[in-house]
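Content type compact mmCIF, C-alpha atoms, from the file my_file-v2.txt:
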# COMPACT_ATOMS: atom_id res chain seq x y z
CA MET A 1362 -45.85 14.88 50.07
CA GLN A 1363 -43.52 14.08 52.93
CA GLN A 1364 -43.68 10.42 52.02
CA ILE A 1365 -42.79 11.06 48.39
CA PHE A 1366 -39.71 13.00 49.47
CA ASN A 1367 -38.77 10.27 51.89
CA PHE A 1368 -39.14 7.69 49.16
CA ILE A 1369 -36.93 9.68 46.79
CA ILE A 1370 -34.28 10.23 49.45
CA ARG A 1371 -34.31 6.61 50.55
CA ASN A 1372 -34.05 5.25 47.02
CA SER A 1373 -31.87 7.97 45.55
CA ASN A 1374 -29.18 5.55 44.44
CA ARG A 1375 -31.64 3.21 42.81
CA LEU A 1376 -33.41 6.03 41.00
CA LEU A 1377 -30.09 7.44 39.85
CA PHE A 1378 -29.06 4.00 38.60
CA LEU A 1379 -32.31 3.52 36.71
CA LEU A 1380 -32.07 6.98 35.16
CA LEU A 1381 -28.50 6.50 33.94
CA LEU A 1382 -29.24 2.94 32.80
CA GLY A 1383 -32.17 4.27 30.81
CA ILE A 1384 -30.04 6.94 29.15
CA SER A 1385 -27.25 4.55 28.22
CA LEU A 1386 -29.61 1.84 26.98
CA THR A 1387 -31.39 4.40 24.82
CA LEU A 1388 -28.07 5.41 23.31
CA THR A 1389 -27.20 1.77 22.68
CA ILE A 1390 -30.49 0.89 21.06
CA GLN A 1391 -30.41 4.04 18.99
CA SER A 1392 -26.98 3.21 17.65
CA HIS A 1393 -28.15 -0.27 16.68
CA SER A 1394 -31.45 0.63 15.07
CA TYR A 1395 -31.07 3.81 13.09
CA HIS A 1396 -28.58 4.50 10.42
CA ARG A 1397 -27.33 7.93 11.28
CA SER A 1398 -28.65 9.32 14.51
CA LYS A 1399 -25.68 8.68 16.64
CA VAL A 1400 -25.37 11.15 19.45
CA ILE A 1401 -21.94 9.94 20.42
CA SER A 1402 -19.37 9.48 17.70
CA SER A 1403 -15.63 9.81 17.55
CA ALA A 1404 -15.88 12.69 15.07
CA ASN A 1405 -15.39 15.35 17.69
CA PHE A 1406 -12.76 17.62 19.10
CA LEU A 1407 -11.69 15.37 21.99
CA SER A 1408 -11.36 11.89 20.53
CA GLY A 1409 -10.43 13.14 17.08
CA GLY A 1410 -7.58 15.16 18.55
CA VAL A 1411 -6.34 12.26 20.68
CA TYR A 1412 -6.46 9.83 17.77
CA GLU A 1413 -4.63 12.27 15.53
CA ARG A 1414 -1.79 12.52 18.07
CA ILE A 1415 -1.56 8.74 18.42
CA ASN A 1416 -1.59 8.36 14.66
CA ARG A 1417 1.34 10.72 14.25
CA VAL A 1418 3.49 8.19 16.10
CA ASN A 1419 2.07 5.18 14.28
CA GLU A 1420 2.64 6.77 10.91
CA TYR A 1421 6.40 6.49 11.26
CA LEU A 1422 6.14 2.79 11.90
CA ASN A 1423 4.18 2.25 8.70
CA LEU A 1424 6.24 4.44 6.38
CA LYS A 1425 7.74 1.52 4.53
CA THR A 1426 4.51 -0.26 3.64
CA GLU A 1427 2.88 3.07 2.79
CA ASN A 1428 5.72 3.84 0.38
CA ASP A 1429 5.46 0.44 -1.24
CA GLU A 1430 1.77 0.96 -1.84
CA LEU A 1431 2.37 4.39 -3.34
CA VAL A 1432 5.00 3.00 -5.69
CA LEU A 1433 2.60 0.27 -6.81
CA GLU A 1434 -0.18 2.75 -7.39
CA ASN A 1435 2.15 5.05 -9.31
CA ALA A 1436 3.15 2.16 -11.51
CA ARG A 1437 -0.49 1.35 -12.18
CA LEU A 1438 -1.33 4.96 -13.00
CA LYS A 1439 1.70 5.24 -15.27
CA SER A 1440 0.60 2.14 -17.13
CA LEU A 1441 -2.83 3.71 -17.59
CA LEU A 1442 -1.24 6.91 -18.85
CA PHE A 1443 1.09 5.27 -21.34
CA ASN A 1444 -1.53 2.89 -22.60
CA LYS A 1445 -3.61 4.88 -25.02
CA GLU A 1446 -6.24 2.18 -25.39
CA ASP A 1447 -7.04 2.32 -21.73
CA THR A 1448 -7.28 6.09 -21.44
CA THR A 1449 -9.97 6.28 -24.08
CA LYS A 1450 -12.01 3.77 -22.14
CA LEU A 1451 -11.81 5.58 -18.81
CA PRO A 1452 -15.38 5.59 -17.53
CA LEU A 1453 -14.96 8.63 -15.31
CA MET A 1454 -14.78 11.13 -18.18
CA ASP A 1455 -18.07 12.80 -18.88
CA SER A 1456 -17.65 13.53 -22.57
CA LEU A 1457 -20.52 15.97 -22.97
CA LYS A 1458 -19.31 18.64 -20.57
CA GLY A 1459 -15.71 17.60 -20.33
CA VAL A 1460 -15.72 17.37 -16.54
CA LYS A 1461 -15.21 14.38 -14.36
CA PRO A 1462 -18.30 13.49 -12.37
CA ALA A 1463 -16.24 12.82 -9.27
CA ASP A 1464 -13.80 14.86 -7.21
CA ILE A 1465 -11.40 13.41 -4.68
CA ILE A 1466 -10.40 14.54 -1.21
CA VAL A 1467 -7.24 13.00 0.20
CA SER A 1468 -7.47 12.00 3.84
CA LYS A 1469 -5.80 9.88 6.46
CA VAL A 1470 -7.12 7.13 8.71
CA ILE A 1471 -6.42 8.12 12.31
CA HIS A 1472 -8.36 5.35 14.00
CA ASN A 1473 -9.55 2.02 12.72
CA SER A 1474 -11.55 -0.67 14.47
CA TYR A 1475 -12.11 -4.14 13.06
CA SER A 1476 -12.67 -6.44 16.01
CA ARG A 1477 -16.35 -5.69 16.64
CA TYR A 1478 -19.59 -6.31 14.75
CA GLU A 1479 -20.11 -2.67 13.87
CA ASN A 1480 -16.81 -1.14 12.95
CA PHE A 1481 -16.04 2.50 12.29
CA ILE A 1482 -13.02 4.38 10.97
CA THR A 1483 -12.08 7.92 11.97
CA LEU A 1484 -10.56 10.19 9.33
CA SER A 1485 -8.49 13.35 9.80
CA SER A 1486 -10.57 15.56 7.52
CA GLY A 1487 -14.04 16.87 8.14
CA ALA A 1488 -16.65 19.38 7.05
CA ASN A 1489 -14.00 22.11 6.64
CA ASP A 1490 -12.38 20.06 3.87
CA GLY A 1491 -15.69 19.47 2.14
CA VAL A 1492 -16.50 16.04 3.56
CA LYS A 1493 -20.23 15.35 3.87
CA PRO A 1494 -22.15 12.32 5.11
CA ASP A 1495 -22.77 9.57 2.52
CA MET A 1496 -19.59 10.09 0.55
CA GLY A 1497 -17.67 7.00 -0.51
CA VAL A 1498 -14.19 6.25 0.85
CA ILE A 1499 -11.64 4.20 -1.13
CA ASN A 1500 -7.91 3.66 -1.28
CA SER A 1501 -5.60 2.46 -4.01
CA LEU A 1502 -6.63 -1.17 -3.52
CA GLY A 1503 -10.38 -0.95 -3.18
CA ILE A 1504 -13.32 0.39 -1.23
CA ILE A 1505 -13.18 1.17 2.50
CA GLY A 1506 -16.63 2.43 3.49
CA ILE A 1507 -19.10 5.30 3.54
CA VAL A 1508 -18.84 8.56 5.54
CA ASP A 1509 -21.25 8.46 8.47
CA ASP A 1510 -20.84 11.64 10.48
CA THR A 1511 -18.66 14.74 10.26
CA SER A 1512 -17.35 17.41 12.61
CA PRO A 1513 -15.41 20.48 11.42
CA ARG A 1514 -12.08 18.64 11.45
CA TYR A 1515 -12.84 14.94 11.64
CA SER A 1516 -15.26 12.43 10.20
CA THR A 1517 -16.34 8.86 10.94
CA VAL A 1518 -16.75 6.19 8.29
CA VAL A 1519 -18.93 3.08 8.37
CA SER A 1520 -16.37 0.45 7.42
CA ILE A 1521 -17.36 -2.31 4.99
CA LEU A 1522 -16.63 -4.52 7.99
CA ASN A 1523 -19.86 -3.31 9.58
CA MET A 1524 -22.91 -5.53 9.71
CA LYS A 1525 -25.16 -2.57 8.94
CA SER A 1526 -23.34 -1.56 5.78
CA GLN A 1527 -24.86 -2.49 2.43
CA ILE A 1528 -23.12 -1.54 -0.78
CA ASN A 1529 -24.21 -2.23 -4.32
CA ALA A 1530 -21.63 -4.39 -6.11
CA LYS A 1531 -21.43 -6.49 -9.24
CA LEU A 1532 -19.39 -9.08 -11.07
CA LYS A 1533 -16.90 -7.34 -13.31
CA LYS A 1534 -17.39 -9.60 -16.30
CA THR A 1535 -21.14 -10.17 -16.39
CA ASN A 1536 -22.73 -7.16 -14.66
CA HIS A 1537 -24.87 -9.32 -12.37
CA PHE A 1538 -25.21 -7.32 -9.19
CA GLY A 1539 -25.95 -7.96 -5.52
CA SER A 1540 -25.51 -6.21 -2.20
CA LEU A 1541 -22.28 -6.40 -0.27
CA THR A 1542 -22.66 -7.19 3.44
CA TRP A 1543 -20.48 -8.54 6.22
CA ASP A 1544 -21.31 -11.49 8.46
CA GLY A 1545 -19.14 -10.34 11.36
CA LYS A 1546 -16.66 -13.19 11.25
CA SER A 1547 -13.44 -12.62 9.33
CA THR A 1548 -11.80 -9.30 8.55
CA GLY A 1549 -10.51 -10.52 5.19
CA TYR A 1550 -13.83 -11.55 3.66
CA VAL A 1551 -17.23 -9.98 2.92
CA GLN A 1552 -20.39 -11.51 1.44
CA LEU A 1553 -22.12 -10.55 -1.80
CA ARG A 1554 -25.78 -11.50 -1.39
CA ASP A 1555 -28.77 -11.73 -3.71
CA VAL A 1556 -26.84 -12.60 -6.84
CA PRO A 1557 -29.18 -14.26 -9.39
CA ARG A 1558 -28.42 -17.91 -10.06
CA LEU A 1559 -28.20 -17.23 -13.77
CA ALA A 1560 -24.84 -15.59 -13.18
CA SER A 1561 -21.89 -17.76 -14.03
CA VAL A 1562 -19.46 -17.23 -11.19
CA ARG A 1563 -16.07 -18.83 -10.85
CA LYS A 1564 -13.45 -18.68 -8.21
CA GLY A 1565 -11.08 -15.79 -8.80
CA ASP A 1566 -13.57 -13.54 -10.62
CA THR A 1567 -13.29 -9.85 -9.71
CA ILE A 1568 -16.05 -8.03 -7.84
CA VAL A 1569 -16.37 -4.26 -8.40
CA THR A 1570 -18.80 -1.58 -7.24
CA GLY A 1571 -22.03 -1.40 -9.24
CA GLY A 1572 -23.40 1.72 -10.89
CA GLN A 1573 -26.67 1.67 -8.95
CA SER A 1574 -25.57 3.70 -5.96
CA VAL A 1575 -24.75 7.38 -6.11
CA ILE A 1576 -22.05 6.94 -3.49
CA PHE A 1577 -19.37 5.12 -5.46
CA PRO A 1578 -18.52 5.50 -9.13
CA GLU A 1579 -18.92 2.29 -11.09
CA GLY A 1580 -16.07 -0.16 -11.34
CA ILE A 1581 -14.01 0.35 -8.19
CA ASN A 1582 -12.26 -2.83 -7.10
CA ILE A 1583 -13.54 -4.74 -4.09
CA GLY A 1584 -12.14 -8.27 -4.15
CA THR A 1585 -12.14 -11.68 -5.76
CA VAL A 1586 -14.60 -14.57 -5.52
CA GLU A 1587 -13.53 -17.14 -2.94
CA THR A 1588 -16.50 -19.52 -2.69
CA VAL A 1589 -20.06 -19.53 -3.99
CA TYR A 1590 -23.05 -21.18 -2.36
CA THR A 1591 -26.82 -21.02 -2.62
CA GLU A 1592 -28.85 -19.61 0.21
CA THR A 1593 -31.56 -22.11 1.11
CA LYS A 1594 -34.27 -19.55 1.97
CA THR A 1595 -34.07 -17.31 -1.06
CA SER A 1596 -32.26 -19.54 -3.58
CA PHE A 1597 -29.99 -16.70 -4.58
CA TYR A 1598 -26.24 -17.05 -4.74
CA VAL A 1599 -24.14 -15.87 -1.83
CA ILE A 1600 -20.56 -15.15 -2.84
CA LYS A 1601 -17.77 -15.02 -0.32
CA VAL A 1602 -15.48 -12.23 -1.48
CA LYS A 1603 -11.82 -12.02 -0.55
CA LEU A 1604 -11.01 -8.32 -0.14
CA PHE A 1605 -8.09 -6.73 -1.97
CA ASN A 1606 -7.66 -4.42 1.01
CA ASP A 1607 -6.17 -5.45 4.31
CA MET A 1608 -8.78 -3.71 6.46
CA THR A 1609 -6.60 -4.05 9.55
CA ASN A 1610 -3.89 -1.88 8.03
CA LEU A 1611 -5.09 1.36 6.42
CA GLY A 1612 -3.14 4.53 5.74
CA HIS A 1613 -4.10 7.25 3.27
CA VAL A 1614 -7.56 7.12 1.73
CA TYR A 1615 -9.52 9.04 -0.89
CA ILE A 1616 -12.98 10.44 -0.27
CA ILE A 1617 -15.10 10.55 -3.40
CA LYS A 1618 -17.17 13.65 -3.97
CA SER A 1619 -19.71 12.72 -6.58
CA LYS A 1620 -20.93 15.73 -8.53
CA ASP A 1621 -24.03 13.99 -9.83
CA ARG A 1622 -25.08 13.11 -6.34
CA GLU A 1623 -26.91 16.27 -5.33
CA GLU A 1624 -28.76 16.37 -8.61
CA LEU A 1625 -29.85 12.75 -8.21
CA ILE A 1626 -30.91 13.25 -4.59
CA ASN A 1627 -32.87 16.38 -5.49
CA LEU A 1628 -34.61 14.49 -8.26
CA GLU A 1629 -35.49 11.60 -5.97
CA ASN A 1630 -36.78 13.95 -3.27
CA LYS A 1631 -38.94 15.73 -5.82
CA GLU A 1632 -40.51 12.45 -6.81
CA LYS A 1633 -41.15 11.54 -3.22
CA ASN A 1634 -42.88 14.85 -2.52
CA GLU A 1635 -45.19 14.62 -5.48
CA MET B 410 -11.25 12.97 52.12
CA ASN B 411 -9.96 15.51 49.66
CA SER B 412 -6.93 13.47 48.74
CA ALA B 413 -9.14 10.43 48.07
CA LEU B 414 -11.10 12.53 45.61
CA LEU B 415 -7.90 13.63 43.89
CA VAL B 416 -6.67 10.04 43.69
CA ASN B 417 -9.94 9.03 42.09
CA ILE B 418 -9.86 11.82 39.51
CA PHE B 419 -6.26 10.95 38.70
CA ARG B 420 -7.17 7.27 38.34
CA PHE B 421 -10.15 8.11 36.12
CA ILE B 422 -8.02 10.06 33.67
CA MET B 423 -5.00 7.76 33.73
CA LEU B 424 -6.97 4.55 33.23
CA LEU B 425 -8.94 6.08 30.36
CA ALA B 426 -5.74 7.32 28.73
CA ILE B 427 -4.02 3.94 29.06
CA GLN B 428 -7.11 2.18 27.74
CA VAL B 429 -7.48 4.40 24.69
CA VAL B 430 -3.81 4.65 23.80
CA ILE B 431 -2.64 1.11 24.49
CA PHE B 432 -5.29 -1.48 25.21
CA ASN B 433 -7.81 -0.48 22.56
CA ASN B 434 -5.18 -1.15 19.93
CA MET B 435 -4.48 -4.63 21.24
CA ASN B 436 -6.30 -7.22 19.21
CA PHE B 437 -5.14 -10.70 20.12
CA LEU B 438 -6.30 -13.14 17.43
CA GLY B 439 -8.24 -10.34 15.79
CA TYR B 440 -10.95 -9.80 18.36
CA ILE B 441 -9.74 -10.11 21.94
CA SER B 442 -8.90 -6.85 23.66
CA PRO B 443 -8.65 -6.28 27.42
CA PHE B 444 -10.59 -3.52 29.20
CA PRO B 445 -8.62 -2.69 32.36
CA TYR B 446 -10.24 0.76 32.57
CA ILE B 447 -12.94 -0.78 34.79
CA LEU B 448 -10.29 -0.91 37.52
CA TYR B 449 -11.59 2.57 38.36
CA ILE B 450 -14.90 1.04 39.47
CA ILE B 451 -13.23 -1.93 41.15
CA LEU B 452 -10.77 0.19 43.14
CA TYR B 453 -13.24 2.93 44.15
CA PRO B 454 -13.15 3.27 47.98
CA VAL B 455 -15.59 0.88 49.64
CA ASN B 456 -17.36 3.21 52.03
CA SER B 457 -17.30 6.25 49.80
CA ASN B 458 -20.27 8.03 48.26
CA ARG B 459 -22.23 5.52 46.20
CA SER B 460 -24.10 7.93 43.93
CA GLY B 461 -20.75 9.53 43.14
CA LEU B 462 -19.52 6.14 41.93
CA ILE B 463 -22.59 5.57 39.76
CA ILE B 464 -22.37 9.00 38.12
CA SER B 465 -18.62 8.82 37.54
CA SER B 466 -18.91 5.28 36.14
CA PHE B 467 -21.51 6.52 33.69
CA LEU B 468 -19.16 9.29 32.58
CA LEU B 469 -16.31 6.79 32.34
CA GLY B 470 -18.34 4.51 30.08
CA LEU B 471 -19.63 7.41 28.01
CA THR B 472 -16.09 8.61 27.34
CA MET B 473 -15.13 5.10 26.25
CA ASP B 474 -18.12 5.05 23.89
CA LEU B 475 -16.98 8.35 22.47
CA PHE B 476 -13.65 6.84 21.57
CA CYS B 477 -15.00 3.49 20.37
CA ASN B 478 -17.97 4.75 18.34
CA SER B 479 -20.13 2.24 20.13
CA GLY B 480 -23.34 4.06 21.07
CA GLY B 481 -23.81 3.45 24.79
CA ILE B 482 -22.58 -0.07 25.47
CA HIS B 483 -19.66 0.84 27.72
CA ALA B 484 -21.82 3.31 29.67
CA THR B 485 -24.48 0.64 30.28
CA ALA B 486 -21.99 -1.99 31.36
CA CYS B 487 -20.19 0.44 33.69
CA VAL B 488 -23.39 1.71 35.34
CA ILE B 489 -24.57 -1.86 35.94
CA LEU B 490 -21.22 -2.85 37.44
CA ALA B 491 -21.15 0.26 39.65
CA TYR B 492 -24.66 -0.38 40.95
CA TYR B 493 -24.11 -4.06 41.71
CA ARG B 494 -20.66 -3.57 43.25
CA PRO B 495 -21.88 -3.76 46.89
CA TYR B 496 -23.62 -7.07 46.12
CA ILE B 497 -20.41 -8.46 44.64
CA PHE B 498 -18.58 -7.30 47.78
CA LYS B 499 -21.12 -9.16 49.87
CA PHE B 500 -20.70 -12.24 47.69
CA SER B 501 -16.90 -12.28 47.86
CA PHE B 502 -16.10 -10.95 51.33
CA GLY B 503 -19.11 -12.09 53.31
CA LEU B 504 -21.83 -10.04 54.95
CA SER B 505 -19.65 -7.93 57.20
CA TYR B 506 -17.57 -6.35 54.46
CA GLU B 507 -18.57 -2.84 55.47
CA TYR B 508 -16.83 -3.16 58.81
CA GLN B 509 -13.58 -4.40 57.39
CA THR B 510 -11.14 -2.23 55.61
CA ILE B 511 -10.90 -3.88 52.28
CA ARG B 512 -7.72 -3.04 50.49
CA LEU B 513 -7.67 -4.63 47.09
CA ASN B 514 -4.11 -3.66 46.41
CA GLU B 515 -2.49 -5.93 48.93
CA SER B 516 -1.57 -9.58 48.60
CA LEU B 517 -3.95 -11.49 46.37
CA THR B 518 -6.25 -13.56 48.56
CA PRO B 519 -9.00 -15.79 47.11
CA GLU B 520 -11.61 -13.22 48.23
CA ARG B 521 -9.96 -10.39 46.39
CA PHE B 522 -9.48 -12.50 43.31
CA SER B 523 -13.10 -13.64 43.30
CA PHE B 524 -14.24 -10.03 43.60
CA ILE B 525 -12.20 -8.99 40.56
CA LEU B 526 -13.33 -12.09 38.66
CA VAL B 527 -17.05 -11.56 39.24
CA SER B 528 -16.85 -7.84 38.49
CA VAL B 529 -14.99 -8.35 35.23
CA LEU B 530 -17.32 -11.16 34.13
CA LEU B 531 -20.43 -9.07 34.86
CA HIS B 532 -19.08 -6.07 32.97
CA HIS B 533 -17.91 -8.08 29.97
CA ILE B 534 -21.03 -10.18 29.51
CA VAL B 535 -23.22 -7.04 29.49
CA LEU B 536 -20.78 -5.33 27.14
CA PHE B 537 -20.63 -8.11 24.57
CA ILE B 538 -24.35 -8.88 24.64
CA LEU B 539 -25.12 -5.24 23.92
CA GLU B 540 -22.41 -5.09 21.29
CA ALA B 541 -23.72 -8.05 19.29
CA PHE B 542 -27.39 -7.33 20.03
CA GLN B 543 -28.48 -10.45 18.19
CA PHE B 544 -29.27 -13.81 19.64
CA LYS B 545 -27.62 -15.82 16.87
CA PHE B 546 -24.19 -14.74 18.12
CA ILE B 547 -24.63 -16.30 21.56
CA TRP B 548 -21.59 -18.61 21.26
CA ASP B 549 -19.50 -15.82 19.89
CA ILE B 550 -20.58 -13.61 22.80
CA LEU B 551 -19.65 -16.27 25.37
CA LEU B 552 -16.31 -16.93 23.70
CA ARG B 553 -15.43 -13.24 23.55
CA THR B 554 -16.51 -12.74 27.16
CA LEU B 555 -14.36 -15.65 28.30
CA PHE B 556 -11.16 -14.68 26.48
CA SER B 557 -11.47 -10.94 27.04
CA SER B 558 -12.16 -11.54 30.74
CA ILE B 559 -9.01 -13.61 31.06
CA PHE B 560 -6.94 -10.85 29.48
CA THR B 561 -8.64 -8.10 31.47
CA ILE B 562 -8.05 -9.94 34.76
CA ILE B 563 -4.39 -10.54 33.95
CA THR B 564 -3.76 -6.93 32.93
CA SER B 565 -5.77 -5.60 35.90
CA ILE B 566 -3.79 -7.63 38.41
CA ILE B 567 -0.55 -6.56 36.77
CA ILE B 568 -1.61 -2.90 36.93
CA ILE B 569 -2.73 -3.19 40.58
CA TYR B 570 0.56 -4.66 41.74
CA LEU B 571 2.73 -2.62 39.43
CA ILE B 572 1.37 0.72 40.65
CA LYS B 573 0.90 0.07 44.32
CA PRO B 574 0.30 3.23 46.31
CA ASN B 575 1.34 2.29 49.83
CA LYS B 576 -0.50 5.02 51.66
CA ARG B 577 -4.11 5.83 51.09

Could you take the file, read its structure, and then write that structure out as structure tokens?
Amino acid sequence: MQQIFNFIIRNSNRLLFLLLLGISLTLTIQSHSYHRSKVISSANFLSGGVYERINRVNEYLNLKTENDELVLENARLKSLLFNKEDTTKLPLMDSLKGVKPADIIVSKVIHNSYSRYENFITLSSGANDGVKPDMGVINSLGIIGIVDDTSPRYSTVVSILNMKSQINAKLKKTNHFGSLTWDGKSTGYVQLRDVPRLASVRKGDTIVTGGQSVIFPEGINIGTVETVYTETKTSFYVIKVKLFNDMTNLGHVYIIKSKDREELINLENKEKNE
Amino acid sequence: MNSALLVNIFRFIMLLAIQVVIFNNMNFLGYISPFPYILYIILYPVNSNRSGLIISSFLLGLTMDLFCNSGGIHATACVILAYYRPYIFKFSFGLSYEYQTIRLNESLTPERFSFILVSVLLHHIVLFILEAFQFKFIWDILLRTLFSSIFTIITSIIIIYLIKPNKR
């Protein structure tokens, strides 16, 4: 017994080091392997509050570009409103019940990272505003990411510039779909993988979100085709997509609250249980 | 003794604040950002309590992870640097470092510079390996380590000589 105590006292620093190393490595590996089991995220009182303060200063510096974007979006919405042909085609209207299948929460980016392999965005609205994990986040130009974790007042978003993110997307003109991933290299481009080779793709074609996921409504802009090449292993097309969004400069965003989502998830869970 | 503790707590908070507010938002060429917050570990008094250093470094890294959404990579890198600090001292200052009073914030001798260099390199290589977590990024990891280390060393040396407490 005496010897055990002596051993512990003699090696106390080493044991302490190994204990803390074990804890931190576990946290690291956990954050890399599982989708949402992060113990430590910036959706909390401390870092959310600090980022909100910092953002208040930064907002003034970006007022001009933010205004320009709003004017552009207003112009686009006006053109939709005045153009009768377009309004009848709006896919969001659910004609049977007369309700839109999606609601929108307006929020603000208070922290944005884009220099790492797994990037996250912190938003200034959380569970109190109705934000839940797995909601889609977009802005006027295109998609931003998917909500990962929420606290009462803040939430974190897996950016599309995150190597773990996978979003269903398709070609606007032919409906051939693939999954949107990021290779960790450039902040302006993402990759659309697993596109069948039957698809006729040309440079400049628009890529939009596909209807297969319950997170995003169908037809939200993502980007344009930059280059197309064939993957040697799978012989599917890989399309390099130039994003409409400048992911390094984000202001106000919209969180999409899909009304069909809970119904779909319930249905899928029921099937799994049976 | 008590004032040293206060200085350390003050340093802990100030360096974290500077790191989060200023240096985390610096992205040279899109991906290079300096991490001068590890100055806390570098400047920790030489003959002070070692387990205190290890625990506080862990907390330092954990707070950084909280702000960066990065799991536990900063905590791991900081704990490793804190544990191996005496070995780096031995490497840079020779065997008898414990009997000298090492003051890092005086004129920059080759020994002091090599100590900062090795510490920063150790911290950054662990950090970027854990961040990428895939072997195919090995060149990217090395490149990021190299450039970020250069920027961290420059900013650290500037901070050391800009804020030079003359009595401690």

### Query
So which one's closest to chain A, B:His483, B:Arg420, B:His533, B:Arg494? Using only C-alpha atoms, please.
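Once distances to chain A are computed over only C-alpha atoms, the minimum belongs to B:His483.
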
### Query
Could you write out as a PyMOL selection string the residues of chain A within 10 Å of chain B, counting all atoms listed in the file?
chain A and resi 1373-1379+1381-1393+1398-1405+1407-1409+1411-1412+1414-1415+1472-1483+1517+1524+1545-1548+1609

### Summary
With distances taken over all atoms listed in the file, the candidate from A:Ile1471, A:Val1432, A:Ile1528, A:Leu1502 nearest Ile1576 in chain A is A:Ile1528

### Query
Which polymer residues, protein or nucleic acid, are no farther than 12 Å from (-34.5, -19.4, -1.8), counting all atoms listed in the file, as a count of residues only?
15

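Proximity to Trp1543 in chain A at 7 Å, evaluated using only C-alpha atoms and with sequence-adjacent residues fewer than 6 positions away removed, yields Leu1522, Asn1523, Met1524, Val1551 and Gln1552 of chain A.
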
#### Entry: Straight-line distance linking CA of Ser565 in chain B with CA of Leu526 in chain B, stated in Å to one decimal
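Atom-to-atom, CA of Ser565 in chain B to CA of Leu526 in chain B, that is 10.3 Å.
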
### Message
Could you check the closest approach to His1537 in chain A for each of A:Ser1561, A:Gln1363, A:Asn1634, A:Ser1501 and tell me which residue wins, using only C-alpha atoms?
### Response
A:Ser1561

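A straight line drawn from CA of Phe500 in chain B to CA of Leu448 in chain B is 18.4 Å long.
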
### Query
So what do you get for CA of Asn1500 in chain A versus CA of Val1467 in chain A, distance-wise?
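Those two atoms sit 9.5 Å apart.
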
Padding 4 Å on every side, please: axis-aligned box over the listed atoms of range 1597-1602 of chain A, centre and edge lengths to one decimal in Å, as lines of an AutoDock Vina configuration file.
center_x = -22.7
center_y = -14.6
center_z = -2.5
size_x = 22.5
size_y = 12.8
size_z = 12.4

### Task
Write out as a PyMOL selection string each polymer residue whose atoms come within 10 Å of Leu1541 in chain A, counting all atoms listed in the file; drop sequence neighbours fewer than 3 positions from it.
chain A and resi 1521+1526-1531+1538+1551-1555+1568+1570+1583+1599-1602
